[in-house]
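Asks: Following this message is one structure expressed as structure tokens.
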Amino acid sequence: MRTEEKGRLTSRLLVILSKGTMDMVYPALMIATTGATMGKEVHMFFTFWGMNAVNKKTVNSMKVASVGNPGLPMPNILGMIPGMTAMATKMMNGRMKKAKIQSIPEMFRMAKDLGVKLHACSTTMDVMGVPKESLIDEVDDVVGAATMLQLGEGGQIIFI
Amino acid sequence: MRTEEKGRLTSRLLVILSKGTMDMVYPALMIATTGATMGKEVHMFFTFWGMNAVNKKTVNSMKVASVGNPGLPMPNILGMIPGMTAMATKMMNGRMKKAKIQSIPEMFRMAKDLGVKLHACSTTMDVMGVPKESLIDEVDDVVGAATMLQLGEGGQIIFI
Amino acid sequence: MRTEEKGRLTSRLLVILSKGTMDMVYPALMIATTGATMGKEVHMFFTFWGMNAVNKKTVNSMKVASVGNPGLPMPNILGMIPGMTAMATKMMNGRMKKAKIQSIPEMFRMAKDLGVKLHACSTTMDVMGVPKESLIDEVDDVVGAATMLQLGEGGQIIFI
């Protein structure tokens with residue numbers, strides 16, 4: 001349910017993350033932490049490739065796609081050369097550090113400190129064969145699509 | 001307009017699908033059918049690559065991208081080898097079946113049974129040259145962006 | 001804050017563009033201009049790869065990805081051949097013209113005429129090293145995530 005306090009009309013924010021690349025995990029975490037700082041009740045739901053962001057095995061090594069991404073100043077044929085995804089990723093990591101942006105694991109800890117709730121998608125865990133033990137400690141619970149929609153009820157939903 | 005019954009504040013859900021890959025069609029259909037089960041008025045709008053999902057020629061053979069997808073445990077150079085998109089797709093289809101998830105055509109039929117309304121984007125059909133006869137029977141109508149926004153008025157919008 | 005006039009409940013629309021490809025810039029601009037025509041207060045926020053859309057250097061040459069896009073009727077191996085991204089882009093530009101869709105720069109001018117406000121993401125500009133002088137004239141200001149969420153307060157948010 002929506003609470004209307006201090007003139008604020010939308011107090012709930014649900015961020016659904018379906019992508020498993022660094023360049024999409026960052027906006028998800030930035031929006032979630034900013035919303036929490038503003039006093040919103042923020043939920044994050046990790047589904048499909050987004051599960052990579054809350055998997056202990058992958059959270060420390062999120063990547064940027066080097067092919068199929070015309071946003072990168074690099075021809076596709078170059079993106080094919082082994083190591084180019086690693087190079088694009090390293091470049092972005094360097095730029096993030098230079099701009100004093102926290103790492104993804106650090107942002108997850110900040111999100112938790114700010115009261116953001118993290119939910120992993122039960123269906124994705126079934127389909128991908130991800131055991132509960134693989135999830136990072138910051139994850140609050142494993143829920144289905146119905147619970148996820150209830151968490152966003154009356155609020156704004158951002159699907160990334 | 002929004003109806004407020006039984007304490008529910010958001011009774012409308014508009015899911016816009018702009019992607020043409022299996023891994024994005026599934027979340028769209030899962031969210032839409034779950035919302036309908038919860039009693040929401042659900043609309044789906046198919047635009048740009050999302051048109052593939054409601055095209056008779058492609059609905060039965062939706063694919064997963066094998067390159068430019070660092071979410072897949074596969075280097076880009078491998079994704080290039082002819083047949084790898086087919087293999088990634090086969091793998092996901094197999095996992096979906098094992099987890100007892102319905103096929104995409106089955107989910108469309110379920111969506112219709114639950115009262116979800118399906119709308120195809122008129123501009124995309126013009127641009128892509130898709131005739132009305134190519135659309136699957138579950139599509140209710142062909143509408144423009146203004147009608148689409150009206151269908152989501154007062155509700156939540158999820159852009160996939 | 002939300003205004004409720006003439007029976008309209010959702011008068012605000014915030015379109016966040018995080019992708020830098022032509023096929024995602026178009027839906028963003030079409031939704032924004034349509035919303036403005038319907039009388040909504042529309043804001044666009046350009047972040048991550050979406051910054052390409054408001055950068056003078058790239059706005060006139062937005063591209064369509066030719067690999068990692070199973071929505072295109074083209075095998076990945078073909079997408080790799082130098083020039084294929086250019087060819088896919090040319091094809092889409094041709095189709096857009098044939099369907100009498102305005103060019104991206106023309107749509108930005110129309111958006112401004114309709115009162116749409118354009119905001120560039122300050123963090124992205126820091127990270128990517130984009131100077132303010134590179135932004136197209138239509139951009140109103142450079143803001144952070146908190147201002148962006150305030151612009152969407154009480155309204156609908158579409159993340160592309």
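Naming works like this for the structure tokens: A, B, ... for the chains as they're shown, residue 1 at the start of each chain, ligands 1 onward in shown order.
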For stretch 118-126 of chain C, find every residue with an atom within 9 Å (counting only C-alpha atoms), except residues of its own chain fewer than 6 positions away, and show them as a VMD selection string.

Replies: (chain A and resid 95 to 96 98 to 99 101) or (chain C and resid 42 to 49 51 54 111 to 112 132 135 138 to 145 148)

Asks: Excluding same-chain residues fewer than 5 positions from C:Asn93, what lies within 10 Å of it counting only C-alpha atoms, as a compact mmCIF listing (two decimals) with N, CA, C and O atoms, in the first residue's frame?

Replies:
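Final output, part.txt:
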# COMPACT_ATOMS: atom_id res chain seq x y z
N VAL B 127 6.64 0.31 -40.43
CA VAL B 127 8.08 0.39 -40.66
C VAL B 127 8.64 -0.97 -41.09
O VAL B 127 9.45 -1.05 -42.02
N MET C 22 19.81 3.27 -32.18
CA MET C 22 18.69 3.92 -32.86
C MET C 22 17.34 3.27 -32.52
O MET C 22 16.34 3.96 -32.32
N MET C 62 23.18 7.62 -35.15
CA MET C 62 22.79 6.51 -34.26
C MET C 62 22.77 5.23 -35.09
O MET C 62 22.38 5.23 -36.25
N LYS C 63 23.17 4.11 -34.46
CA LYS C 63 23.28 2.85 -35.19
C LYS C 63 22.36 1.76 -34.64
O LYS C 63 21.90 1.83 -33.51
N VAL C 64 22.13 0.73 -35.48
CA VAL C 64 21.42 -0.46 -35.05
C VAL C 64 22.46 -1.57 -34.89
O VAL C 64 23.33 -1.71 -35.75
N MET C 87 25.09 -1.37 -42.56
CA MET C 87 24.04 -1.80 -43.48
C MET C 87 22.69 -1.94 -42.77
O MET C 87 21.65 -1.50 -43.28
N ALA C 88 22.71 -2.54 -41.57
CA ALA C 88 21.47 -2.69 -40.78
C ALA C 88 20.91 -1.30 -40.44
O ALA C 88 19.69 -1.08 -40.48
N LYS C 98 10.61 5.82 -45.37
CA LYS C 98 9.50 5.35 -46.18
C LYS C 98 8.18 5.44 -45.40
O LYS C 98 7.12 5.75 -45.96
N ALA C 99 8.25 5.15 -44.09
CA ALA C 99 7.04 5.21 -43.25
C ALA C 99 6.80 6.64 -42.76
O ALA C 99 5.94 6.87 -41.90
N ILE C 101 8.57 8.59 -40.90
CA ILE C 101 8.96 8.88 -39.52
C ILE C 101 10.08 9.92 -39.58
O ILE C 101 10.98 9.82 -40.42
N GLN C 102 10.01 10.93 -38.73
CA GLN C 102 11.04 11.97 -38.71
C GLN C 102 12.38 11.40 -38.25
O GLN C 102 12.45 10.39 -37.58
N SER C 103 13.45 12.11 -38.61
CA SER C 103 14.78 11.70 -38.15
C SER C 103 14.90 11.99 -36.64
O SER C 103 14.08 12.71 -36.07

Asks: Using only C-alpha atoms, which residues sit within 8 Å of C:Thr34 once same-chain residues fewer than 3 positions away are excluded, as number ranges by chain?

Replies: B: 145-146; C: 30-31, 37-38

Asks: Work out how far apart atom CA of B:Leu29 and atom CA of B:Phe108 are and give it in Å to one decimal.

Replies: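 We find that atom CA of B:Leu29 and atom CA of B:Phe108 lie 7.3 Å from each other.
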